[in-house]
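The file work.cif comes next; it holds mmCIF, C-alpha atoms and all ligand atoms.
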```
data_start
#
loop_
_atom_site.label_atom_id
_atom_site.label_comp_id
_atom_site.auth_asym_id
_atom_site.auth_seq_id
_atom_site.Cartn_x
_atom_site.Cartn_y
_atom_site.Cartn_z
CA MET A 409 -58.30 83.25 139.42
CA SER A 410 -59.73 86.41 137.85
CA ASN A 411 -63.38 86.63 136.86
CA TYR A 412 -62.33 88.26 133.61
CA TRP A 413 -60.28 87.27 130.59
CA ASP A 414 -59.47 90.88 129.69
CA LYS A 415 -60.42 92.90 132.73
CA GLU A 416 -59.46 96.36 131.49
CA ILE A 417 -61.67 96.14 128.42
CA GLU A 418 -64.53 94.15 129.98
CA ILE A 419 -65.22 96.54 132.85
CA MET A 420 -64.24 99.77 131.11
CA PRO A 421 -66.60 102.63 132.12
CA ARG A 422 -69.04 103.25 129.25
CA GLU A 423 -67.88 106.83 128.59
CA GLN A 424 -64.36 105.59 128.07
CA LEU A 425 -65.57 102.61 126.02
CA LYS A 426 -67.45 104.97 123.70
CA LYS A 427 -64.36 107.12 123.23
CA TYR A 428 -62.40 104.00 122.35
CA GLN A 429 -65.11 102.94 119.86
CA LEU A 430 -65.06 106.37 118.24
CA GLU A 431 -61.32 106.18 117.75
CA LEU A 432 -61.59 102.70 116.22
CA LEU A 433 -64.52 103.71 114.03
CA LYS A 434 -62.76 106.79 112.61
CA ASN A 435 -59.82 104.61 111.69
CA MET A 436 -62.09 101.94 110.18
CA LEU A 437 -63.96 104.44 107.99
CA GLU A 438 -60.65 105.76 106.62
CA ILE A 439 -59.54 102.21 105.85
CA VAL A 440 -62.72 101.21 104.00
CA TYR A 441 -62.91 104.49 102.07
CA HIS A 442 -59.35 104.28 100.83
CA ARG A 443 -59.05 100.55 100.25
CA SER A 444 -62.45 99.29 99.12
CA PRO A 445 -63.85 100.47 95.77
CA TYR A 446 -67.35 99.54 96.92
CA TYR A 447 -67.29 101.65 100.09
CA LYS A 448 -65.71 104.62 98.27
CA LYS A 449 -68.50 104.63 95.67
CA SER A 450 -71.21 104.04 98.22
CA PHE A 451 -70.02 106.84 100.56
CA ASN A 452 -69.63 109.22 97.61
CA ARG A 453 -73.14 108.41 96.42
CA SER A 454 -74.51 109.22 99.89
CA GLY A 455 -72.41 112.39 100.03
CA VAL A 456 -70.44 111.37 103.15
CA ARG A 457 -66.72 111.25 103.89
CA PRO A 458 -64.96 109.51 106.78
CA SER A 459 -64.13 112.97 108.19
CA ASP A 460 -67.89 113.63 108.63
CA LEU A 461 -67.84 111.30 111.62
CA LYS A 462 -67.29 113.49 114.67
CA SER A 463 -69.28 111.41 117.15
CA LEU A 464 -70.72 107.89 117.22
CA ALA A 465 -74.15 109.37 116.46
CA ASP A 466 -72.83 110.52 113.07
CA LEU A 467 -72.59 106.90 111.94
CA LYS A 468 -76.27 107.02 110.96
CA LYS A 469 -75.37 109.36 108.09
CA PHE A 470 -73.51 106.48 106.46
CA PRO A 471 -75.23 103.98 104.14
CA THR A 472 -76.20 100.51 105.33
CA ILE A 473 -75.37 97.23 103.60
CA ASP A 474 -77.10 93.87 103.70
CA LYS A 475 -76.69 90.26 102.68
CA LYS A 476 -77.99 90.99 99.18
CA ILE A 477 -75.23 93.55 98.59
CA LEU A 478 -72.57 91.13 99.83
CA ARG A 479 -73.83 88.51 97.39
CA GLU A 480 -74.00 90.96 94.47
CA ARG A 481 -70.52 92.36 95.08
CA GLN A 482 -69.02 88.89 95.28
CA GLN A 483 -70.62 87.99 91.96
CA ALA A 484 -69.53 91.28 90.38
CA VAL A 485 -65.94 91.05 91.64
CA PRO A 486 -64.91 87.41 92.19
CA ASP A 487 -63.71 85.72 94.34
CA PHE A 488 -64.25 87.80 97.47
CA GLY A 489 -66.08 90.95 96.34
CA ASP A 490 -64.86 94.55 96.53
CA LEU A 491 -65.58 95.23 100.20
CA THR A 492 -62.24 93.67 101.14
CA CYS A 493 -59.55 95.93 102.61
CA ALA A 494 -56.53 93.63 102.78
CA GLU A 495 -54.56 91.74 100.18
CA GLU A 496 -55.19 88.09 99.61
CA LYS A 497 -51.64 87.19 100.66
CA ASP A 498 -52.65 88.33 104.17
CA PHE A 499 -55.79 86.15 104.32
CA VAL A 500 -55.45 83.05 106.49
CA PHE A 501 -59.02 81.85 106.93
CA LEU A 502 -62.30 81.90 105.07
CA SER A 503 -65.76 81.16 106.34
CA ALA A 504 -68.86 81.18 104.18
CA SER A 505 -72.56 81.29 104.76
CA SER A 506 -75.30 80.57 102.30
CA GLY A 507 -78.20 82.26 104.04
CA SER A 508 -81.64 81.37 102.78
CA THR A 509 -80.89 81.67 99.06
CA GLY A 510 -78.13 79.09 98.86
CA VAL A 511 -75.44 81.30 97.27
CA PRO A 512 -72.54 81.27 99.74
CA THR A 513 -70.80 84.54 100.51
CA ALA A 514 -67.22 84.47 101.72
CA SER A 515 -65.95 86.15 104.85
CA PRO A 516 -62.13 86.20 104.80
CA PHE A 517 -59.91 86.86 107.84
CA THR A 518 -56.34 88.17 108.01
CA GLY A 519 -53.97 86.62 110.55
CA GLN A 520 -54.68 89.52 112.92
CA ASP A 521 -58.47 89.26 112.36
CA PHE A 522 -58.30 85.58 113.24
CA GLU A 523 -56.23 86.25 116.38
CA ASP A 524 -58.76 88.89 117.49
CA PHE A 525 -61.63 86.51 116.73
CA GLN A 526 -60.18 83.72 118.89
CA ASP A 527 -59.27 86.09 121.70
CA CYS A 528 -62.89 87.25 121.70
CA GLN A 529 -64.12 83.60 121.82
CA ALA A 530 -61.82 82.90 124.79
CA ARG A 531 -63.18 86.01 126.55
CA LEU A 532 -66.80 84.96 126.05
CA PHE A 533 -66.08 81.36 127.13
CA TRP A 534 -64.36 82.67 130.26
CA SER A 535 -67.34 84.93 131.03
CA SER A 536 -69.65 81.86 130.90
CA GLY A 537 -67.43 80.20 133.49
CA MET A 538 -65.21 77.96 131.31
CA ARG A 539 -61.77 77.48 132.89
CA PRO A 540 -58.52 75.70 131.90
CA GLU A 541 -59.54 72.59 133.89
CA ASP A 542 -62.64 72.13 131.69
CA ARG A 543 -62.95 69.68 128.84
CA TYR A 544 -64.74 71.29 125.91
CA CYS A 545 -66.46 69.09 123.35
CA HIS A 546 -67.08 71.09 120.19
CA ALA A 547 -70.21 69.65 118.56
CA LEU A 548 -70.70 72.31 115.86
CA ASN A 549 -70.14 71.88 112.15
CA PHE A 550 -66.64 72.64 110.85
CA THR A 551 -67.34 72.89 107.11
CA LEU A 552 -67.07 76.55 106.05
CA PHE A 553 -69.00 77.47 109.20
CA VAL A 554 -67.63 80.37 111.22
CA GLY A 555 -68.57 78.58 114.49
CA GLY A 556 -65.99 75.87 113.69
CA PRO A 557 -62.86 77.76 114.80
CA ASN A 558 -64.43 78.60 118.18
CA VAL A 559 -62.76 75.40 119.32
CA ILE A 560 -59.43 77.26 118.99
CA GLY A 561 -60.78 79.92 121.36
CA ALA A 562 -61.38 77.17 123.93
CA MET A 563 -57.79 75.97 123.45
CA LYS A 564 -56.51 79.53 123.81
CA LEU A 565 -58.33 79.70 127.16
CA GLY A 566 -56.47 76.56 128.18
CA ALA A 567 -59.33 74.05 128.18
CA LEU A 568 -58.91 70.58 126.73
CA ALA A 569 -60.65 70.79 123.37
CA ILE A 570 -62.28 67.73 121.78
CA TRP A 571 -62.91 68.37 118.08
CA ALA A 572 -66.08 66.34 117.55
CA GLY A 573 -67.93 68.45 114.96
CA ALA A 574 -71.37 67.61 113.61
CA ILE A 575 -71.40 63.82 113.99
CA PRO A 576 -74.24 61.32 114.50
CA SER A 577 -75.81 61.49 117.97
CA ASP A 578 -74.74 57.98 119.03
CA ARG A 579 -71.09 58.81 118.31
CA LEU A 580 -71.34 62.10 120.16
CA LEU A 581 -72.88 60.37 123.17
CA ALA A 582 -70.08 57.79 123.04
CA ILE A 583 -67.54 60.65 123.21
CA PHE A 584 -69.43 62.09 126.19
CA GLN A 585 -69.25 58.73 127.97
CA THR A 586 -65.61 58.03 127.13
CA TRP A 587 -63.84 61.36 127.73
CA ARG A 588 -66.38 62.99 130.03
CA PRO A 589 -66.36 66.58 128.67
CA THR A 590 -67.78 69.22 131.02
CA VAL A 591 -68.78 71.78 128.38
CA THR A 592 -70.35 71.44 124.94
CA TRP A 593 -71.87 73.67 122.27
CA THR A 594 -74.93 72.92 120.12
CA THR A 595 -78.17 74.58 119.02
CA PRO A 596 -81.01 74.60 121.62
CA SER A 597 -83.11 72.18 119.57
CA TYR A 598 -80.17 69.80 119.19
CA ALA A 599 -79.42 69.91 122.92
CA TRP A 600 -83.02 68.85 123.48
CA PHE A 601 -82.94 66.21 120.72
CA LEU A 602 -79.63 64.77 121.94
CA GLY A 603 -80.93 64.52 125.51
CA GLU A 604 -84.06 62.72 124.35
CA THR A 605 -81.99 60.41 122.11
CA ALA A 606 -79.79 59.56 125.09
CA LYS A 607 -82.86 58.78 127.19
CA ALA A 608 -84.32 56.56 124.46
CA SER A 609 -81.14 54.48 124.49
CA GLY A 610 -81.17 54.11 128.26
CA ILE A 611 -78.69 56.88 129.14
CA ASN A 612 -79.81 59.57 131.56
CA PRO A 613 -78.24 62.78 130.21
CA ALA A 614 -78.21 64.22 133.74
CA ASP A 615 -75.80 61.43 134.75
CA LEU A 616 -73.30 62.41 132.04
CA SER A 617 -70.47 64.88 132.79
CA ILE A 618 -71.80 67.90 130.84
CA ARG A 619 -72.35 70.85 133.22
CA LYS A 620 -72.41 73.74 130.76
CA ILE A 621 -74.15 73.85 127.39
CA PHE A 622 -73.49 76.80 125.10
CA VAL A 623 -76.20 77.32 122.53
CA ALA A 624 -76.69 79.62 119.54
CA GLY A 625 -78.51 79.84 116.23
CA GLU A 626 -82.11 79.91 117.56
CA PRO A 627 -83.95 82.17 120.04
CA GLY A 628 -84.46 79.27 122.51
CA GLY A 629 -81.31 79.92 124.55
CA SER A 630 -82.81 83.16 125.86
CA ILE A 631 -86.35 81.88 126.38
CA PRO A 632 -86.38 81.04 130.11
CA GLU A 633 -88.82 78.12 129.73
CA THR A 634 -86.73 76.48 126.98
CA GLN A 635 -83.52 77.14 128.85
CA LYS A 636 -84.92 75.56 132.01
CA SER A 637 -86.20 72.43 130.23
CA ILE A 638 -82.76 71.79 128.69
CA GLU A 639 -81.07 72.50 132.01
CA SER A 640 -83.15 70.00 133.92
CA LEU A 641 -82.80 67.37 131.17
CA TRP A 642 -78.98 67.59 131.36
CA ASN A 643 -78.50 68.81 134.92
CA ALA A 644 -76.38 71.55 133.33
CA ASP A 645 -76.42 75.33 132.88
CA VAL A 646 -77.41 76.69 129.47
CA TYR A 647 -75.70 79.85 128.20
CA ASP A 648 -76.99 81.64 125.13
CA TYR A 649 -74.50 82.90 122.51
CA TYR A 650 -74.92 85.09 119.45
CA GLY A 651 -72.75 84.97 116.37
CA LEU A 652 -72.98 86.04 112.79
CA SER A 653 -71.07 84.34 110.00
CA ASP A 654 -70.57 87.57 108.09
CA ILE A 655 -68.63 89.15 110.95
CA PHE A 656 -67.32 86.72 113.54
CA GLY A 657 -68.19 83.52 115.32
CA ALA A 658 -69.63 84.50 118.67
CA CYS A 659 -69.85 88.24 119.37
CA ALA A 660 -72.00 88.05 122.54
CA ALA A 661 -72.55 85.56 125.35
CA MET A 662 -74.21 85.11 128.73
CA CYS A 663 -72.15 85.46 131.90
CA GLN A 664 -72.89 83.44 135.06
CA TYR A 665 -75.92 85.65 135.89
CA LYS A 666 -77.58 84.88 132.55
CA GLU A 667 -79.30 88.25 132.41
CA GLY A 668 -78.77 88.93 128.73
CA LEU A 669 -75.84 88.42 126.36
CA HIS A 670 -72.77 90.62 126.85
CA TRP A 671 -71.71 92.12 123.56
CA ALA A 672 -67.99 92.55 122.68
CA GLU A 673 -68.34 96.25 121.96
CA ASP A 674 -64.64 96.82 121.39
CA HIS A 675 -64.87 94.57 118.31
CA ILE A 676 -68.29 95.39 116.94
CA LEU A 677 -70.51 98.43 117.25
CA VAL A 678 -74.22 97.76 117.68
CA GLU A 679 -77.13 99.90 116.50
CA VAL A 680 -80.78 98.88 116.92
CA VAL A 681 -83.13 100.46 114.38
CA ASP A 682 -86.74 100.38 113.28
CA PRO A 683 -86.65 97.98 110.29
CA GLU A 684 -89.13 100.14 108.35
CA THR A 685 -87.80 103.66 108.91
CA GLY A 686 -84.17 102.94 109.80
CA GLU A 687 -84.51 105.30 112.81
CA GLU A 688 -82.76 104.31 116.02
CA VAL A 689 -85.08 102.71 118.60
CA SER A 690 -84.67 103.44 122.29
CA GLU A 691 -83.06 101.12 124.81
CA GLY A 692 -85.30 98.18 125.76
CA LYS A 693 -87.43 98.41 122.59
CA ARG A 694 -87.32 95.81 119.83
CA GLY A 695 -85.64 96.63 116.55
CA GLU A 696 -83.32 95.27 113.86
CA MET A 697 -79.69 94.93 114.85
CA VAL A 698 -77.20 96.75 112.60
CA LEU A 699 -73.52 95.91 113.09
CA THR A 700 -70.26 97.65 112.25
CA SER A 701 -66.92 95.92 112.57
CA LEU A 702 -64.37 98.04 114.40
CA LYS A 703 -61.22 95.99 113.90
CA LYS A 704 -61.67 93.31 111.25
CA GLU A 705 -59.77 94.34 108.10
CA ALA A 706 -60.08 91.52 105.57
CA ARG A 707 -63.69 92.43 104.87
CA PRO A 708 -65.03 95.10 107.22
CA LEU A 709 -68.78 95.55 107.43
CA ILE A 710 -70.07 99.06 107.93
CA ARG A 711 -73.69 99.22 109.10
CA PHE A 712 -74.62 95.65 108.18
CA ARG A 713 -78.36 94.98 108.55
CA THR A 714 -78.54 91.57 110.23
CA GLY A 715 -82.29 90.94 109.95
CA ASP A 716 -82.18 89.86 113.63
CA ILE A 717 -84.70 91.46 115.96
CA VAL A 718 -83.23 92.32 119.36
CA SER A 719 -83.55 94.66 122.33
CA TYR A 720 -80.77 95.65 124.73
CA THR A 721 -79.79 97.29 128.00
CA SER A 722 -76.68 99.34 128.74
CA GLN A 723 -77.08 98.92 132.52
CA LYS A 724 -73.98 97.53 134.19
CA CYS A 725 -74.34 93.80 134.94
CA LYS A 726 -73.94 92.23 138.41
CA CYS A 727 -70.74 90.62 137.10
CA GLY A 728 -69.20 94.09 136.68
CA ARG A 729 -69.05 93.99 132.88
CA THR A 730 -70.11 97.23 131.23
CA HIS A 731 -70.64 96.22 127.59
CA LEU A 732 -74.26 96.32 126.49
CA ARG A 733 -76.40 93.23 126.91
CA LEU A 734 -78.94 91.84 124.44
CA HIS A 735 -82.16 90.51 125.92
CA GLY A 736 -81.72 87.55 123.59
CA ILE A 737 -82.59 87.39 119.92
CA HIS A 738 -86.36 87.67 119.55
CA GLY A 739 -86.28 86.30 116.03
CA ARG A 740 -85.38 86.88 112.41
CA LEU A 741 -87.12 89.60 110.46
CA ASP A 742 -87.83 86.83 107.89
CA ASP A 743 -89.75 84.81 110.52
CA MET A 744 -91.83 87.74 111.71
CA MET A 745 -95.55 87.13 111.24
CA ILE A 746 -97.91 90.07 110.96
CA ILE A 747 -101.22 88.96 112.40
CA LYS A 748 -103.99 91.54 112.64
CA GLY A 749 -101.38 94.28 112.54
CA VAL A 750 -99.38 92.78 115.43
CA ASN A 751 -95.76 91.68 114.90
CA VAL A 752 -95.51 88.13 116.22
CA PHE A 753 -92.33 86.05 116.48
CA PRO A 754 -92.22 82.27 116.93
CA SER A 755 -90.17 82.90 120.10
CA ASP A 756 -93.25 84.63 121.65
CA ILE A 757 -95.28 81.49 121.02
CA GLU A 758 -92.46 79.31 122.37
CA THR A 759 -92.51 81.12 125.71
CA ILE A 760 -96.21 80.35 126.10
CA VAL A 761 -96.01 76.74 124.90
CA ARG A 762 -93.05 75.85 127.11
CA ASN A 763 -94.79 77.33 130.12
CA ASN A 764 -97.78 75.01 129.84
CA HIS A 765 -97.05 71.72 131.61
CA ASN A 766 -99.77 69.85 129.76
CA LEU A 767 -97.92 70.38 126.45
CA THR A 768 -94.74 68.67 125.18
CA GLY A 769 -93.08 71.96 124.23
CA GLU A 770 -93.02 71.29 120.47
CA TYR A 771 -95.00 73.69 118.29
CA LEU A 772 -95.57 74.92 114.76
CA CYS A 773 -97.09 78.23 113.63
CA VAL A 774 -99.23 77.75 110.52
CA ILE A 775 -100.27 80.84 108.58
CA THR A 776 -103.25 80.72 106.25
CA GLU A 777 -105.35 83.39 104.60
CA GLU A 778 -109.00 84.23 105.15
CA LYS A 779 -110.65 87.20 103.44
CA HIS A 780 -107.19 88.62 102.60
CA MET A 781 -106.18 88.51 106.25
CA ALA A 782 -103.37 86.38 107.70
CA VAL A 783 -104.68 83.83 110.17
CA LEU A 784 -102.41 82.12 112.68
CA THR A 785 -102.99 78.58 113.92
CA VAL A 786 -100.65 77.26 116.58
CA GLU A 787 -100.17 73.50 116.53
CA VAL A 788 -99.06 72.00 119.83
CA GLU A 789 -98.92 68.50 121.33
CA LYS A 790 -100.51 67.38 124.58
CA ILE A 791 -98.36 65.25 126.84
CA ASP A 792 -98.93 61.49 127.04
CA ARG A 793 -100.57 61.48 130.44
CA PHE A 794 -102.93 64.40 129.79
CA ASN A 795 -106.53 63.33 130.39
CA GLY A 796 -108.16 66.71 130.96
CA ASP A 797 -110.49 68.65 128.70
CA ILE A 798 -109.01 69.49 125.26
CA GLU A 799 -111.26 72.55 124.80
CA GLU A 800 -110.12 73.92 128.13
CA LEU A 801 -106.46 73.40 127.20
CA LYS A 802 -107.05 75.23 123.91
CA ASN A 803 -108.74 78.07 125.73
CA GLU A 804 -105.88 78.36 128.23
CA MET A 805 -103.40 78.77 125.34
CA GLN A 806 -105.57 81.40 123.67
CA ILE A 807 -105.93 83.43 126.86
CA GLU A 808 -102.15 83.38 127.38
CA CYS A 809 -101.55 84.47 123.77
CA GLN A 810 -104.03 87.31 124.16
CA LYS A 811 -102.32 88.41 127.36
CA ILE A 812 -98.72 88.19 126.15
CA ILE A 813 -98.85 88.91 122.41
CA GLY A 814 -102.18 90.68 122.07
CA ILE A 815 -103.79 88.29 119.60
CA ARG A 816 -105.97 85.21 119.95
CA PRO A 817 -104.75 82.57 117.46
CA ALA A 818 -106.53 79.33 116.59
CA VAL A 819 -105.01 76.41 118.51
CA ARG A 820 -104.81 72.80 117.35
CA ILE A 821 -103.97 70.23 120.02
CA LEU A 822 -102.23 67.18 118.56
CA GLU A 823 -101.25 63.80 119.95
CA PRO A 824 -97.72 63.53 121.43
CA LYS A 825 -94.90 63.10 118.84
CA SER A 826 -97.07 64.30 115.91
CA LEU A 827 -94.83 67.26 115.08
CA ALA A 828 -91.47 66.80 113.33
CA ARG A 829 -88.43 66.90 115.67
CA ALA A 830 -85.53 69.03 114.50
CA THR A 831 -81.98 67.82 114.83
CA HIS A 832 -80.25 71.16 114.29
CA LYS A 833 -82.38 74.15 113.35
CA ALA A 834 -86.07 73.80 114.11
CA ILE A 835 -88.65 75.01 111.59
CA ARG A 836 -91.33 76.92 113.52
CA VAL A 837 -93.38 78.60 110.79
CA ARG A 838 -95.27 77.13 107.84
CA ASP A 839 -96.77 79.70 105.55
CA GLU A 840 -99.64 78.17 103.57
CA ARG A 841 -100.73 81.37 101.90
CA LYS A 842 -100.62 81.58 98.12
CA MET A 843 -97.87 84.05 97.19
ZN ZN A 901 -72.73 89.81 133.40
#
```
Write out the structure in this file as structure tokens.
Amino acid sequence: MSNYWDKEIEIMPREQLKKYQLELLKNMLEIVYHRSPYYKKSFNRSGVRPSDLKSLADLKKFPTIDKKILRERQQAVPDFGDLTCAEEKDFVFLSASSGSTGVPTASPFTGQDFEDFQDCQARLFWSSGMRPEDRYCHALNFTLFVGGPNVIGAMKLGALAIWAGAIPSDRLLAIFQTWRPTVTWTTPSYAWFLGETAKASGINPADLSIRKIFVAGEPGGSIPETQKSIESLWNADVYDYYGLSDIFGACAAMCQYKEGLHWAEDHILVEVVDPETGEEVSEGKRGEMVLTSLKKEARPLIRFRTGDIVSYTSQKCKCGRTHLRLHGIHGRLDDMMIIKGVNVFPSDIETIVRNNHNLTGEYLCVITEEKHMAVLTVEVEKIDRFNGDIEELKNEMQIECQKIIGIRPAVRILEPKSLARATHKAIRVRDERKM
């Protein structure tokens, strides 16, 4: 059996891939300019025309959009906004995401968009080692969530798909015991929570049939310490995925080598920019990810600012795939803490906490203010059997933080199980400053 779902595209030499992207991008800019009133106005205002794009580097002349614009345009032009480029009679699917403000924005798909989307899911699943003989238990929410239809991608690949959805943990565990799925998909914190719940009810998760866990939605899947803890709990491999409701379900996933997430660059073009200046940052450096859809027509996004902080490599992977790889998602711009002038993400703290065997792995970053300066206190829990010196443990954490992040936060060591456990998305920052 082949290692690839779509060999020609997955191992295409980068020069050729870039030519292909350029061709798709030129076509996409013509489509949005001629079909979407919003893009026409916005390009005109910035003094650019689709014909100004001669190379991929010219894309930076075009204006960016963000979640706020999507929300405003949907309110101004109901029901789907004026960024759409296909007629409603061609729409077959709609996903929606509320973001942090609670106003859902719609992302429609045409029949072709949906086909492309599911083909991309099948490709990513295949790259993580899923095969037709696998049983895939889909444990993600179905309601309006773009991750829901991923189950169809698993069916397209030929796996047996079990449509579980977001159901109570005891029912999900019962499904695991009855039909013995080999692959499942959750968030990292839920994979951890579910494993612990199983243990509490006398089931050893490692004895269940799950051998691959796909995770997305939190940085944990690319933090080696978190990945390893979930892997040993379940005796399974953890593969990190990245998706964005405004574009697609998953757009990037880990292959068997787990050295970053392979992006589907024939569907979506990636830029990484300095969030302050908008200038491109160099390969390997952290910046905000900006995405442009190359094929999706129902509502194409041109230079969408995701608010996700990433870094990437374009080095060819051991698996032979040539598409660029993200070194995981370091965090959301919204979660970034600025402490003594240093940008700190909860995922940085997580790496340190999960590496210390005297701690449970749970943590919370608390921000307070002292003399107009932000002060970070990291709350962690000691493990049950810890009987060493608390001050020493605190000091160890501070030294590690200084070494890895460059700041020395206050550390509060709590009793085991003092911090709230998340079922789906974990809250890692509490800002106690007065706004
Ligand atoms: Zn690879």
Residues contacting ligand ZN 901 (chain A) - anything with an atom at most 10 Å away, using only C-alpha atoms and all ligand atoms - can you give me those as an MDAnalysis selection string? chainID A and resid 418 535:536 661:670 724:733
Would you put the residues from that selection into a file with C-alpha atoms, as a compact mmCIF listing (two decimals), in the frame of the given file?
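again05.txt, written as the output of this step:
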```
# COMPACT_ATOMS: atom_id res chain seq x y z
CA GLU A 418 -64.53 94.15 129.98
CA SER A 535 -67.34 84.93 131.03
CA SER A 536 -69.65 81.86 130.90
CA ALA A 661 -72.55 85.56 125.35
CA MET A 662 -74.21 85.11 128.73
CA CYS A 663 -72.15 85.46 131.90
CA GLN A 664 -72.89 83.44 135.06
CA TYR A 665 -75.92 85.65 135.89
CA LYS A 666 -77.58 84.88 132.55
CA GLU A 667 -79.30 88.25 132.41
CA GLY A 668 -78.77 88.93 128.73
CA LEU A 669 -75.84 88.42 126.36
CA HIS A 670 -72.77 90.62 126.85
CA LYS A 724 -73.98 97.53 134.19
CA CYS A 725 -74.34 93.80 134.94
CA LYS A 726 -73.94 92.23 138.41
CA CYS A 727 -70.74 90.62 137.10
CA GLY A 728 -69.20 94.09 136.68
CA ARG A 729 -69.05 93.99 132.88
CA THR A 730 -70.11 97.23 131.23
CA HIS A 731 -70.64 96.22 127.59
CA LEU A 732 -74.26 96.32 126.49
CA ARG A 733 -76.40 93.23 126.91
```
Residues within 7 Å of region 581-598 of chain A, only C-alpha atoms, excluding chain neighbours under 5 positions, as a tab-separated table (two decimals) with C-alpha atoms, keeping the file's coordinate frame:
```tsv
chain	number	residue	atom	x	y	z
A	542	ASP	CA	-62.64	72.13	131.69
A	543	ARG	CA	-62.95	69.68	128.84
A	544	TYR	CA	-64.74	71.29	125.91
A	545	CYS	CA	-66.46	69.09	123.35
A	546	HIS	CA	-67.08	71.09	120.19
A	547	ALA	CA	-70.21	69.65	118.56
A	548	LEU	CA	-70.70	72.31	115.86
A	616	LEU	CA	-73.30	62.41	132.04
A	617	SER	CA	-70.47	64.88	132.79
A	618	ILE	CA	-71.80	67.90	130.84
A	619	ARG	CA	-72.35	70.85	133.22
A	620	LYS	CA	-72.41	73.74	130.76
A	621	ILE	CA	-74.15	73.85	127.39
A	622	PHE	CA	-73.49	76.80	125.10
A	623	VAL	CA	-76.20	77.32	122.53
A	624	ALA	CA	-76.69	79.62	119.54
A	625	GLY	CA	-78.51	79.84	116.23
A	626	GLU	CA	-82.11	79.91	117.56
A	628	GLY	CA	-84.46	79.27	122.51
A	629	GLY	CA	-81.31	79.92	124.55
A	830	ALA	CA	-85.53	69.03	114.50
A	831	THR	CA	-81.98	67.82	114.83
A	832	HIS	CA	-80.25	71.16	114.29
A	833	LYS	CA	-82.38	74.15	113.35
A	834	ALA	CA	-86.07	73.80	114.11
```
In terms of the shortest atom-to-atom distance over all atoms listed in the file, which of A:Ile710, A:Val646, A:Ala614, A:Lys779 is closest to Pro458 (chain A)?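 Among the listed residues, the smallest separation from Pro458 (chain A) belongs to A:Ile710.
The residue that comes closest to Glu770 (chain A), out of A:Glu804, A:Cys809, A:Trp642, A:Trp600 and on the basis of only C-alpha atoms, is A:Trp600.
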d(CA of Phe550 (chain A), CA of Pro627 (chain A)) in Å: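 Computing the Euclidean distance for CA of Phe550 (chain A) and CA of Pro627 (chain A) yields 21.8 Å.
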Looking at A:Pro708, A:Glu799, A:Thr714, A:Glu778, which one is nearest to Tyr650 (chain A), with distances taken over only C-alpha atoms?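 Counting only C-alpha atoms, the residue closest to Tyr650 (chain A) is A:Thr714.
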How many Å lie between CA of Leu430 (chain A) and CA of Ala465 (chain A), rounded to one decimal?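 Spanning CA of Leu430 (chain A) to CA of Ala465 (chain A) is a straight-line distance of 9.7 Å.
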Return the single residue from A:Ala658, A:Leu580, A:Ile575, A:Ala484 that is closest to Gly555 (chain A), with distances computed using only C-alpha atoms.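 Of all the options, A:Ala658 lies closest to Gly555 (chain A).
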Axis-aligned box for all listed atoms of region 759-763 of chain A, 8 Å per side, centre and edges in Å to one decimal, as lines of an AutoDock Vina configuration file:
```
center_x = -94.4
center_y = 78.5
center_z = 127.5
size_x = 19.7
size_y = 21.3
size_z = 21.2
```
What's around Ser826 (chain A) at 9 Å? Count all atoms listed in the file, leave out sequence neighbours fewer than 3 positions away in its own chain, and write the answer as a VMD selection string. chain A and resid 788 to 789 822 to 823
Can you list, as a ChimeraX atom specification, every protein, DNA or RNA residue that comes within 10 Å of Asn558 (chain A) when you count only C-alpha atoms, leaving out same-chain residues fewer than 3 positions away? /A:525-530,533,546,548,550,554-555,561-564,593,656-658
Could you please take those selected residues and save C-alpha atoms as a PDB file, in the frame of the given file?
```pdb
ATOM      1  CA  PHE A 525     -61.630  86.510 116.730  1.00  0.00           C
ATOM      2  CA  GLN A 526     -60.180  83.720 118.890  1.00  0.00           C
ATOM      3  CA  ASP A 527     -59.270  86.090 121.700  1.00  0.00           C
ATOM      4  CA  CYS A 528     -62.890  87.250 121.700  1.00  0.00           C
ATOM      5  CA  GLN A 529     -64.120  83.600 121.820  1.00  0.00           C
ATOM      6  CA  ALA A 530     -61.820  82.900 124.790  1.00  0.00           C
ATOM      7  CA  PHE A 533     -66.080  81.360 127.130  1.00  0.00           C
ATOM      8  CA  HIS A 546     -67.080  71.090 120.190  1.00  0.00           C
ATOM      9  CA  LEU A 548     -70.700  72.310 115.860  1.00  0.00           C
ATOM     10  CA  PHE A 550     -66.640  72.640 110.850  1.00  0.00           C
ATOM     11  CA  VAL A 554     -67.630  80.370 111.220  1.00  0.00           C
ATOM     12  CA  GLY A 555     -68.570  78.580 114.490  1.00  0.00           C
ATOM     13  CA  GLY A 561     -60.780  79.920 121.360  1.00  0.00           C
ATOM     14  CA  ALA A 562     -61.380  77.170 123.930  1.00  0.00           C
ATOM     15  CA  MET A 563     -57.790  75.970 123.450  1.00  0.00           C
ATOM     16  CA  LYS A 564     -56.510  79.530 123.810  1.00  0.00           C
ATOM     17  CA  TRP A 593     -71.870  73.670 122.270  1.00  0.00           C
ATOM     18  CA  PHE A 656     -67.320  86.720 113.540  1.00  0.00           C
ATOM     19  CA  GLY A 657     -68.190  83.520 115.320  1.00  0.00           C
ATOM     20  CA  ALA A 658     -69.630  84.500 118.670  1.00  0.00           C
TER      21      ALA A 658
END
```
